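Q: Next comes the structure file entry.pdb, holding PDB, C-alpha atoms.
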MODEL        1
ATOM      1  CA  MET A   4     169.685  97.412 200.426
ATOM      2  CA  THR A   5     168.316  94.079 201.550
ATOM      3  CA  HIS A   6     170.412  90.968 201.740
ATOM      4  CA  ASP A   7     169.226  87.400 201.706
ATOM      5  CA  ALA A   8     170.422  84.623 204.001
ATOM      6  CA  ILE A   9     173.178  83.578 201.569
ATOM      7  CA  ASP A  10     174.566  87.134 201.451
ATOM      8  CA  LEU A  11     174.574  87.249 205.251
ATOM      9  CA  ARG A  12     176.329  83.869 205.487
ATOM     10  CA  ILE A  13     178.945  85.035 202.955
ATOM     11  CA  LEU A  14     179.481  88.213 204.972
ATOM     12  CA  ALA A  15     179.729  86.283 208.241
ATOM     13  CA  LEU A  16     182.393  83.983 206.783
ATOM     14  CA  LEU A  17     184.322  86.895 205.242
ATOM     15  CA  GLN A  18     184.293  88.683 208.604
ATOM     16  CA  GLN A  19     186.165  85.680 209.981
ATOM     17  CA  ASP A  20     188.631  85.561 207.070
ATOM     18  CA  ALA A  21     188.444  88.114 204.262
ATOM     19  CA  LEU A  22     190.900  86.058 202.213
ATOM     20  CA  MET A  23     188.515  83.124 201.798
ATOM     21  CA  THR A  24     188.184  82.358 198.118
ATOM     22  CA  ALA A  25     184.889  81.770 196.363
ATOM     23  CA  ASP A  26     185.926  78.107 196.041
ATOM     24  CA  LEU A  27     186.340  77.777 199.828
ATOM     25  CA  LEU A  28     183.087  79.614 200.466
ATOM     26  CA  ALA A  29     181.288  77.292 198.027
ATOM     27  CA  GLU A  30     182.329  74.334 200.196
ATOM     28  CA  ARG A  31     180.247  75.815 203.015
ATOM     29  CA  LEU A  32     177.390  77.372 201.077
ATOM     30  CA  PRO A  33     174.835  76.028 198.579
ATOM     31  CA  LEU A  34     176.119  78.137 195.661
ATOM     32  CA  SER A  35     178.734  77.786 192.969
ATOM     33  CA  PRO A  36     182.028  79.689 193.280
ATOM     34  CA  SER A  37     181.052  81.938 190.341
ATOM     35  CA  ALA A  38     177.705  82.854 191.964
ATOM     36  CA  ILE A  39     179.481  83.607 195.230
ATOM     37  CA  ALA A  40     182.095  85.728 193.453
ATOM     38  CA  ARG A  41     179.305  87.727 191.751
ATOM     39  CA  ARG A  42     177.622  88.368 195.100
ATOM     40  CA  ILE A  43     180.895  89.486 196.669
ATOM     41  CA  ARG A  44     181.598  91.849 193.743
ATOM     42  CA  ARG A  45     178.092  93.310 194.095
ATOM     43  CA  MET A  46     178.490  93.804 197.847
ATOM     44  CA  ARG A  47     181.839  95.524 197.347
ATOM     45  CA  ALA A  48     180.369  97.760 194.639
ATOM     46  CA  ASP A  49     177.299  98.745 196.672
ATOM     47  CA  GLY A  50     179.321  99.451 199.826
ATOM     48  CA  THR A  51     178.014  96.525 201.877
ATOM     49  CA  ILE A  52     181.639  95.379 202.144
ATOM     50  CA  ALA A  53     183.305  98.634 203.123
ATOM     51  CA  ALA A  54     186.906  97.369 203.156
ATOM     52  CA  ASP A  55     189.138  94.331 203.281
ATOM     53  CA  VAL A  56     191.772  95.017 205.929
ATOM     54  CA  ALA A  57     194.433  93.216 207.903
ATOM     55  CA  ILE A  58     193.898  93.284 211.655
ATOM     56  CA  VAL A  59     197.423  93.594 212.974
ATOM     57  CA  SER A  60     198.344  91.820 216.186
ATOM     58  CA  GLU A  61     199.679  93.858 219.074
ATOM     59  CA  GLU A  62     202.749  91.618 218.802
ATOM     60  CA  VAL A  63     204.011  94.012 216.116
ATOM     61  CA  GLY A  64     205.103  96.391 218.846
ATOM     62  CA  PRO A  65     204.060  98.152 222.017
ATOM     63  CA  PHE A  66     201.205 100.631 221.762
ATOM     64  CA  LEU A  67     199.386 102.678 224.345
ATOM     65  CA  SER A  68     195.615 102.574 223.829
ATOM     66  CA  ALA A  69     193.076 104.795 225.521
ATOM     67  CA  LEU A  70     189.374 105.516 225.487
ATOM     68  CA  VAL A  71     188.845 109.260 225.448
ATOM     69  CA  HIS A  72     185.394 110.611 226.302
ATOM     70  CA  VAL A  73     184.844 114.081 224.833
ATOM     71  CA  GLN A  74     182.216 116.606 225.910
ATOM     72  CA  PHE A  75     181.478 119.495 223.575
ATOM     73  CA  ASP A  76     181.117 123.073 224.669
ATOM     74  CA  ARG A  77     179.701 124.384 221.424
ATOM     75  CA  HIS A  78     177.298 122.579 219.196
ATOM     76  CA  SER A  79     177.526 124.780 216.109
ATOM     77  CA  LEU A  80     177.435 122.583 213.045
ATOM     78  CA  ASP A  81     180.416 124.181 211.256
ATOM     79  CA  ALA A  82     182.689 123.981 214.303
ATOM     80  CA  LEU A  83     181.704 120.372 215.030
ATOM     81  CA  GLN A  84     182.250 119.310 211.435
ATOM     82  CA  ALA A  85     185.702 120.913 211.370
ATOM     83  CA  PHE A  86     186.574 119.183 214.644
ATOM     84  CA  GLN A  87     185.352 115.806 213.384
ATOM     85  CA  ARG A  88     187.313 116.167 210.126
ATOM     86  CA  ARG A  89     190.503 116.658 212.155
ATOM     87  CA  ILE A  90     189.716 113.619 214.310
ATOM     88  CA  LEU A  91     188.914 111.446 211.283
ATOM     89  CA  ALA A  92     192.167 112.484 209.580
ATOM     90  CA  SER A  93     194.327 111.284 212.469
ATOM     91  CA  PRO A  94     195.832 107.802 212.008
ATOM     92  CA  HIS A  95     195.919 107.479 215.810
ATOM     93  CA  ILE A  96     192.132 107.464 216.141
ATOM     94  CA  GLN A  97     190.944 103.905 215.610
ATOM     95  CA  LEU A  98     187.326 104.527 216.476
ATOM     96  CA  MET A  99     185.048 107.538 216.859
ATOM     97  CA  LEU A 100     181.571 107.033 218.261
ATOM     98  CA  GLU A 101     178.894 109.657 218.836
ATOM     99  CA  VAL A 102     177.244 108.687 222.114
ATOM    100  CA  THR A 103     174.457 109.729 224.459
ATOM    101  CA  GLY A 104     174.908 110.743 228.079
ATOM    102  CA  ASN A 105     177.352 113.176 229.657
ATOM    103  CA  PHE A 106     179.789 112.948 226.760
ATOM    104  CA  ASP A 107     179.306 113.497 223.046
ATOM    105  CA  LEU A 108     182.098 111.327 221.605
ATOM    106  CA  VAL A 109     184.155 108.321 222.576
ATOM    107  CA  LEU A 110     187.487 107.866 220.814
ATOM    108  CA  LEU A 111     189.752 104.836 220.777
ATOM    109  CA  VAL A 112     193.235 106.299 220.517
ATOM    110  CA  SER A 113     196.451 104.340 219.952
ATOM    111  CA  THR A 114     199.907 105.862 220.185
ATOM    112  CA  ARG A 115     203.475 104.686 220.665
ATOM    113  CA  ASP A 116     203.749 105.831 224.292
ATOM    114  CA  MET A 117     202.520 108.327 226.896
ATOM    115  CA  ASP A 118     204.541 111.222 225.477
ATOM    116  CA  SER A 119     203.002 110.632 222.044
ATOM    117  CA  PHE A 120     199.553 110.367 223.594
ATOM    118  CA  ASN A 121     199.945 113.647 225.463
ATOM    119  CA  ALA A 122     201.182 115.455 222.343
ATOM    120  CA  LEU A 123     198.319 114.065 220.265
ATOM    121  CA  VAL A 124     195.606 114.920 222.773
ATOM    122  CA  ASP A 125     197.052 118.391 223.333
ATOM    123  CA  SER A 126     197.020 119.075 219.586
ATOM    124  CA  LEU A 127     193.607 117.525 218.826
ATOM    125  CA  LEU A 128     191.609 118.373 221.923
ATOM    126  CA  GLY A 129     193.550 120.725 224.179
ATOM    127  CA  GLY A 130     193.049 124.022 222.437
ATOM    128  CA  ASP A 131     189.896 123.355 220.463
ATOM    129  CA  PRO A 132     187.046 125.682 221.489
ATOM    130  CA  VAL A 133     184.500 122.969 220.618
ATOM    131  CA  VAL A 134     185.825 120.773 223.451
ATOM    132  CA  ARG A 135     184.547 121.556 226.954
ATOM    133  CA  ARG A 136     186.386 118.683 228.601
ATOM    134  CA  TYR A 137     187.604 115.157 228.077
ATOM    135  CA  GLU A 138     188.357 112.156 230.270
ATOM    136  CA  THR A 139     190.717 109.322 229.476
ATOM    137  CA  SER A 140     190.742 105.657 230.493
ATOM    138  CA  PHE A 141     193.855 103.741 229.508
ATOM    139  CA  VAL A 142     193.567 100.196 228.234
ATOM    140  CA  LYS A 143     195.369  97.685 230.449
ATOM    141  CA  ARG A 144     194.791  94.635 228.243
ATOM    142  CA  ARG A 145     192.893  94.077 225.060
ATOM    143  CA  ARG A 146     190.889  90.925 225.691
ATOM    144  CA  LYS A 147     188.808  91.053 222.532
ATOM    145  CA  PHE A 148     188.955  93.243 219.454
ATOM    146  CA  THR A 149     186.817  92.707 216.412
ATOM    147  CA  PRO A 150     185.108  94.896 213.855
ATOM    148  CA  ALA A 151     182.724  92.012 213.028
ATOM    149  CA  LEU A 152     178.979  92.569 213.311
ATOM    150  CA  PRO A 153     176.781  89.820 214.859
ATOM    151  CA  LEU A 154     175.190  88.823 211.545
ATOM    152  CA  HIS A 155     173.863  85.580 213.028
ATOM    153  CA  GLU A 156     171.140  87.682 214.691
ATOM    154  CA  LEU A 157     169.812  88.677 211.278
ATOM    155  CA  LEU A 158     169.788  85.059 210.171
ATOM    156  CA  GLU A 159     167.875  83.958 213.273
ATOM    157  CA  GLY A 160     165.245  86.721 213.035
TER
ENDMDL
END
Step by step, read the file and then write its structure as structure tokens.
A:
Amino acid sequence: MTHDAIDLRILALLQQDALMTADLLAERLPLSPSAIARRIRRMRADGTIAADVAIVSEEVGPFLSALVHVQFDRHSLDALQAFQRRILASPHIQLMLEVTGNFDLVLLVSTRDMDSFNALVDSLLGGDPVVRRYETSFVKRRRKFTPALPLHELLEG
């Protein structure tokens, strides 16, 4: 699906604040609130806007975050799909990326503490025959965290 410059500007503004109303967006864009609302409804319906979520501050409580690099031993499609379904079902996995290089996946994992992390990794990765090995890097500080895409690049091009 192609999006025009107005769609991209709407999306860029909603990435900053998903609670912006059509009236507020109309103050920044050359469209009426009703036209903006129609575009937003269309983009939600067609999947362009995948979700409206709250990004919760780490102030809510202490969490241990880690990047886990996973290397597969087996590449059979059925086994990999079963493994990925288990990973996707875990509320502790914030991000799963298929990557190139020595590892096949990178996971962003968040748990309450080290004991919780160890139990989670043991259950998800430890005994799975698909996993050859994994390496973990623990997050010291989160300096930036955003799910926003750099839509300005599409507007400039």
Q: So what do you get for atom CA of Gln18 of chain A versus atom CA of Glu156 of chain A, distance-wise?
A: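 Between these atoms lies a distance of 14.5 Å.
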Q: What would the selection look like, as a PDB file with C-alpha atoms, keeping the file's coordinate frame, if the PyMOL selection byres ((chain A and resi 24) around 12) were run on the coordinates I just shared?
A:
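New file selection_26.pdb:
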ATOM      1  CA  ILE A  13     178.945  85.035 202.955  1.00  0.00           C
ATOM      2  CA  LEU A  16     182.393  83.983 206.783  1.00  0.00           C
ATOM      3  CA  LEU A  17     184.322  86.895 205.242  1.00  0.00           C
ATOM      4  CA  ASP A  20     188.631  85.561 207.070  1.00  0.00           C
ATOM      5  CA  ALA A  21     188.444  88.114 204.262  1.00  0.00           C
ATOM      6  CA  LEU A  22     190.900  86.058 202.213  1.00  0.00           C
ATOM      7  CA  MET A  23     188.515  83.124 201.798  1.00  0.00           C
ATOM      8  CA  ALA A  25     184.889  81.770 196.363  1.00  0.00           C
ATOM      9  CA  ASP A  26     185.926  78.107 196.041  1.00  0.00           C
ATOM     10  CA  LEU A  27     186.340  77.777 199.828  1.00  0.00           C
ATOM     11  CA  LEU A  28     183.087  79.614 200.466  1.00  0.00           C
ATOM     12  CA  ALA A  29     181.288  77.292 198.027  1.00  0.00           C
ATOM     13  CA  GLU A  30     182.329  74.334 200.196  1.00  0.00           C
ATOM     14  CA  ARG A  31     180.247  75.815 203.015  1.00  0.00           C
ATOM     15  CA  SER A  35     178.734  77.786 192.969  1.00  0.00           C
ATOM     16  CA  PRO A  36     182.028  79.689 193.280  1.00  0.00           C
ATOM     17  CA  SER A  37     181.052  81.938 190.341  1.00  0.00           C
ATOM     18  CA  ILE A  39     179.481  83.607 195.230  1.00  0.00           C
ATOM     19  CA  ALA A  40     182.095  85.728 193.453  1.00  0.00           C
ATOM     20  CA  ILE A  43     180.895  89.486 196.669  1.00  0.00           C
TER      21      ILE A  43
END
Q: Have a look at A:Val133, A:Leu34, A:Val124, A:Val63 and name the one nearest to Gln84 of chain A; count all atoms listed in the file.
A: A:Val133
Q: With all atoms listed in the file as the counted atoms, please give the residues lying no more than 10 Å from Arg145 of chain A, apart from itself and same-chain residues fewer than 2 positions off, as a list in words.
A: Glu61, Ser68, Val142, Lys143, Lys147 and Phe148 of chain A
Q: Counting all atoms listed in the file, what is within 9 Å of Leu11 of chain A, bar same-chain residues fewer than 6 positions away, as a PyMOL selection string?
A: chain A and resi 154-155+157-158
Q: So which residues get picked by the PyMOL selection byres ((chain A and resi 97) around 7) here, written as number ranges by chain?
A: A: 95-96, 98, 111-112
Q: Would you mind exporting the chosen residues as a PDB file, keeping the file's coordinate frame, restricted to C-alpha atoms?
A:
ATOM      1  CA  HIS A  95     195.919 107.479 215.810  1.00  0.00           C
ATOM      2  CA  ILE A  96     192.132 107.464 216.141  1.00  0.00           C
ATOM      3  CA  LEU A  98     187.326 104.527 216.476  1.00  0.00           C
ATOM      4  CA  LEU A 111     189.752 104.836 220.777  1.00  0.00           C
ATOM      5  CA  VAL A 112     193.235 106.299 220.517  1.00  0.00           C
TER       6      VAL A 112
END
Q: Around (193.6, 112.5, 214.4) in the file's frame, which residues reach within 12 Å when counting all atoms listed in the file? Return as a list in words?
A: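 Using all atoms listed in the file, the matching residues come out as Ala85, Phe86, Gln87, Arg88, Arg89, Ile90, Leu91, Ala92, Ser93, Pro94, His95, Ile96, Gln97, Leu98, Met99, Leu110, Leu111, Val112, Ser113, Thr114, Phe120, Ala122, Leu123, Val124, Asp125, Ser126, Leu127 and Leu128 of chain A.
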Q: Would you compute the distance between atom CA of Asp10 of chain A and atom CA of Leu100 of chain A? Give it in Å to one decimal.
A: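 We find that atom CA of Asp10 of chain A and atom CA of Leu100 of chain A lie 27.0 Å from each other.
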Q: To one decimal place in Å, what is the distance between atom CA of Glu138 of chain A and atom CA of His72 of chain A?
A: 5.2 Å
Q: Edge lengths and centre in Å to one decimal, as JSON, is what I'm after for the box along x, y and z that holds all listed atoms of segment 141-151 of chain A once 4 Å is added on each side.
A:
{"center_x": 189.0, "center_y": 97.3, "center_z": 221.7, "size_x": 20.6, "size_y": 20.8, "size_z": 25.4}
Q: Using only C-alpha atoms for the distances, tell me which of A:Val71, A:Met4, A:Ile9, A:Leu80 is nearest to Pro33 of chain A.
A: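 Of the candidates, the smallest distance to Pro33 of chain A is held by A:Ile9.
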Q: Which one is closest to Ala53 of chain A: A:Leu14, A:Ala82, A:Gln74, A:Gly129? Count all atoms listed in the file.
A: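 Result for the nearest residue to Ala53 of chain A: A:Leu14.
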Q: If the PyMOL selection byres ((chain A and resi 136) around 8) is run on the structure shown, which residues does it catch, given as an MDAnalysis selection string?
A: chainID A and resid 73:76 134:135 137:138
Q: I'd like to know which of A:Leu32, A:Arg77, A:Pro150, A:His6 is closest to Asp49 of chain A, using only C-alpha atoms.
A: A:His6
Q: Closest to Ser119 of chain A among A:Ala8, A:Thr51, A:Leu67, A:Val59, using all atoms listed in the file?
A: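 Using all atoms listed in the file, the shortest distance to Ser119 of chain A belongs to A:Leu67.
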Q: From the options A:Glu101, A:Ser79, A:Phe106, A:Ala69, which residue's atoms come nearest to Pro132 of chain A, counting only C-alpha atoms?
A: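 The shortest atom-to-atom distance to Pro132 of chain A comes from A:Ser79.
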